[in-house]
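Data block below; observations after.
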Amino acid sequence: DAKTTQPTSMDCAEGRAANLPCNHSTISGNEYVYWYRQIHSQGPQYIIHGLKNNETNEMASLIITEDRKSSTLILPHATLRDTAVYYCIVRSLSGGSYIPTFGRGTSLIVHP
Amino acid sequence: ETGVTQTPRHLVMGMTNKKSLKCEQHLGHNAMYWYKQSAKKPLELMFVYNFKEQTENNSVPSRFSPECPNSSHLFLHLHTLQPEDSALYLCASSQEGRGGADTQYFGPGTRLTVL
């Protein structure tokens with residue numbers, strides 16, 4: 001089972017910031033939080049990951065709460081091409097490998 | 001381009017056919033994965049290969065048979081499939097270490113239709 005909880009859907013106006021929340025209350029101390037997105041019928045695309053500190057790259061920012069039980073992915077200036085399903089993932093150790101479990105994610109619709 | 005390629009991109013097959021899906025990664029990674037994504041469902045992990053050895057098999061039916069001849073190539077052999085096996089099949093790779101951050105990179109997927 002996925003170890004994260006995300007809203008089913010969100011919408012955002014083009015040019016505005018999109019803030020996508022994720023709860024991961026059972027996360028352990030050495031587990032990273034990953035974000036991916038999947039545009040319709042394509043392979044998931046890696047966005048960003050973090051452990052404790054806030055992270056920023058050319059695609060997005062990741063804000064992790066101090067207790068690490070939740071995080072927020074921020075797309076600072078959403079465009080129509082950011083319409084996708086966004087997955088928040090915490091991996092778990094299984095058989096010697098860290099296995100990500102994808103939930104249903106958040107369907108983000110960016111409208112004009 | 002993520003450095004992970006999959007062929008074919010689309011495949012239509014009958015229930016009695018035998019076909020294979022191919023995945024190749026150009027990232028120097030040591031772990032490769034097969035996922036299945038049915039319509040309106042989350043990604044389901046099928047198989048994991050780490051250093052060419054299968055480390056995970058998520059109760060996948062035997063009509064799906066993976067093969068990993070080296071760390072850059074992964075195959076999924078298909079035989080006597082059912083219509084409910086129609087789905088998007090995704091391959092991914094990562095550089096697995098001891099804990100830490102090991103990002104997965106996905107291929108574009110193969111859209112499979114079983115008639």
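Following the order of the structure tokens, first chain is A, next is B, and so on, with residues numbered from 1 inside each chain and ligands from 1 in the order they appear.
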*Which chain B residues are at most 6 Å from chain A (counting only C-alpha atoms), as a VMD selection string?*
chain B and resid 42 to 43 106 to 109
Once you have the residues from the selection above, write them out as a PDB file, in the first residue's frame, restricted to N, CA, C and O atoms.
ATOM      1  N   PRO B  42      -3.530   2.828 -10.218  1.00  0.00           N
ATOM      2  CA  PRO B  42      -2.137   3.208  -9.936  1.00  0.00           C
ATOM      3  C   PRO B  42      -1.152   2.253 -10.606  1.00  0.00           C
ATOM      4  O   PRO B  42      -1.518   1.144 -10.994  1.00  0.00           O
ATOM      5  N   LEU B  43       0.076   2.699 -10.698  1.00  0.00           N
ATOM      6  CA  LEU B  43       1.130   1.823 -11.210  1.00  0.00           C
ATOM      7  C   LEU B  43       1.291   0.632 -10.268  1.00  0.00           C
ATOM      8  O   LEU B  43       1.332   0.777  -9.053  1.00  0.00           O
ATOM      9  N   PHE B 106      11.956   6.627 -15.822  1.00  0.00           N
ATOM     10  CA  PHE B 106      11.014   5.774 -16.539  1.00  0.00           C
ATOM     11  C   PHE B 106      11.163   5.928 -18.047  1.00  0.00           C
ATOM     12  O   PHE B 106      11.476   7.008 -18.555  1.00  0.00           O
ATOM     13  N   GLY B 107      10.867   4.829 -18.739  1.00  0.00           N
ATOM     14  CA  GLY B 107      10.739   4.888 -20.184  1.00  0.00           C
ATOM     15  C   GLY B 107       9.348   5.378 -20.572  1.00  0.00           C
ATOM     16  O   GLY B 107       8.502   5.611 -19.711  1.00  0.00           O
ATOM     17  N   PRO B 108       9.099   5.504 -21.876  1.00  0.00           N
ATOM     18  CA  PRO B 108       7.814   6.024 -22.339  1.00  0.00           C
ATOM     19  C   PRO B 108       6.676   5.017 -22.257  1.00  0.00           C
ATOM     20  O   PRO B 108       5.509   5.396 -22.372  1.00  0.00           O
ATOM     21  N   GLY B 109       7.008   3.746 -22.076  1.00  0.00           N
ATOM     22  CA  GLY B 109       5.972   2.730 -21.951  1.00  0.00           C
ATOM     23  C   GLY B 109       5.628   2.039 -23.261  1.00  0.00           C
ATOM     24  O   GLY B 109       5.885   2.568 -24.357  1.00  0.00           O
TER      25      GLY B 109
END
_For B:Phe64: contacts at 9 Å, only C-alpha atoms, fewer than 3 positions along chain excluded, given as a list in words_ =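 Surrounding residues, per the criterion: Val60, Pro61, Leu76, His77, Leu78, His79 and Leu81 of chain B.
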Residues from last step as file, N, CA and C atoms, as an mmCIF file, in the first residue's frame:
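Saved as again_20.cif:
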data_model
loop_
_atom_site.group_PDB
_atom_site.id
_atom_site.type_symbol
_atom_site.label_atom_id
_atom_site.label_comp_id
_atom_site.auth_asym_id
_atom_site.auth_seq_id
_atom_site.Cartn_x
_atom_site.Cartn_y
_atom_site.Cartn_z
ATOM 1 N N VAL B 60 3.110 -11.988 -9.806
ATOM 2 C CA VAL B 60 2.716 -11.795 -11.204
ATOM 3 C C VAL B 60 2.442 -13.160 -11.835
ATOM 4 N N PRO B 61 1.376 -13.288 -12.621
ATOM 5 C CA PRO B 61 1.086 -14.584 -13.276
ATOM 6 C C PRO B 61 2.236 -15.039 -14.153
ATOM 7 N N LEU B 76 10.401 -8.378 -21.175
ATOM 8 C CA LEU B 76 9.211 -8.982 -20.590
ATOM 9 C C LEU B 76 8.589 -9.851 -21.665
ATOM 10 N N HIS B 77 8.688 -11.169 -21.475
ATOM 11 C CA HIS B 77 8.147 -12.113 -22.452
ATOM 12 C C HIS B 77 6.690 -12.407 -22.103
ATOM 13 N N LEU B 78 5.870 -12.365 -23.147
ATOM 14 C CA LEU B 78 4.423 -12.488 -22.968
ATOM 15 C C LEU B 78 3.906 -13.704 -23.721
ATOM 16 N N HIS B 79 3.077 -14.507 -23.076
ATOM 17 C CA HIS B 79 2.472 -15.632 -23.790
ATOM 18 C C HIS B 79 1.123 -15.970 -23.181
ATOM 19 N N LEU B 81 -1.699 -14.372 -23.132
ATOM 20 C CA LEU B 81 -2.251 -13.302 -22.300
ATOM 21 C C LEU B 81 -3.772 -13.262 -22.386
#
_Residues flagged strand (DSSP E or B) by DSSP in chain B, as a ChimeraX atom specification_ = /B:4-7,10-13,18-25,31-37,44-50,53-57,64-70,73-79,87-94,105-106,110-114
*Go through B:Trp34, B:His10, B:Thr80, B:Cys23 one by one, measure the shortest atom-to-atom distance of each to B:Asn58 using only C-alpha atoms, and give the residue with the smallest value.*
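Closest candidate: B:Trp34.
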_Surrounding residues of B:Leu11 excluding itself and chain neighbours under 5 positions, 7 Å, only C-alpha atoms, as a list in words_ =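 Those residues are Arg111, Leu112 and Thr113 of chain B.
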*Check the smallest atom-to-atom distance from each of B:Gln104, B:Ser93, B:Asn70, B:Thr110 to B:Ala31 using only C-alpha atoms, then report the winner.*
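Closest to B:Ala31, using only C-alpha atoms: B:Ser93.
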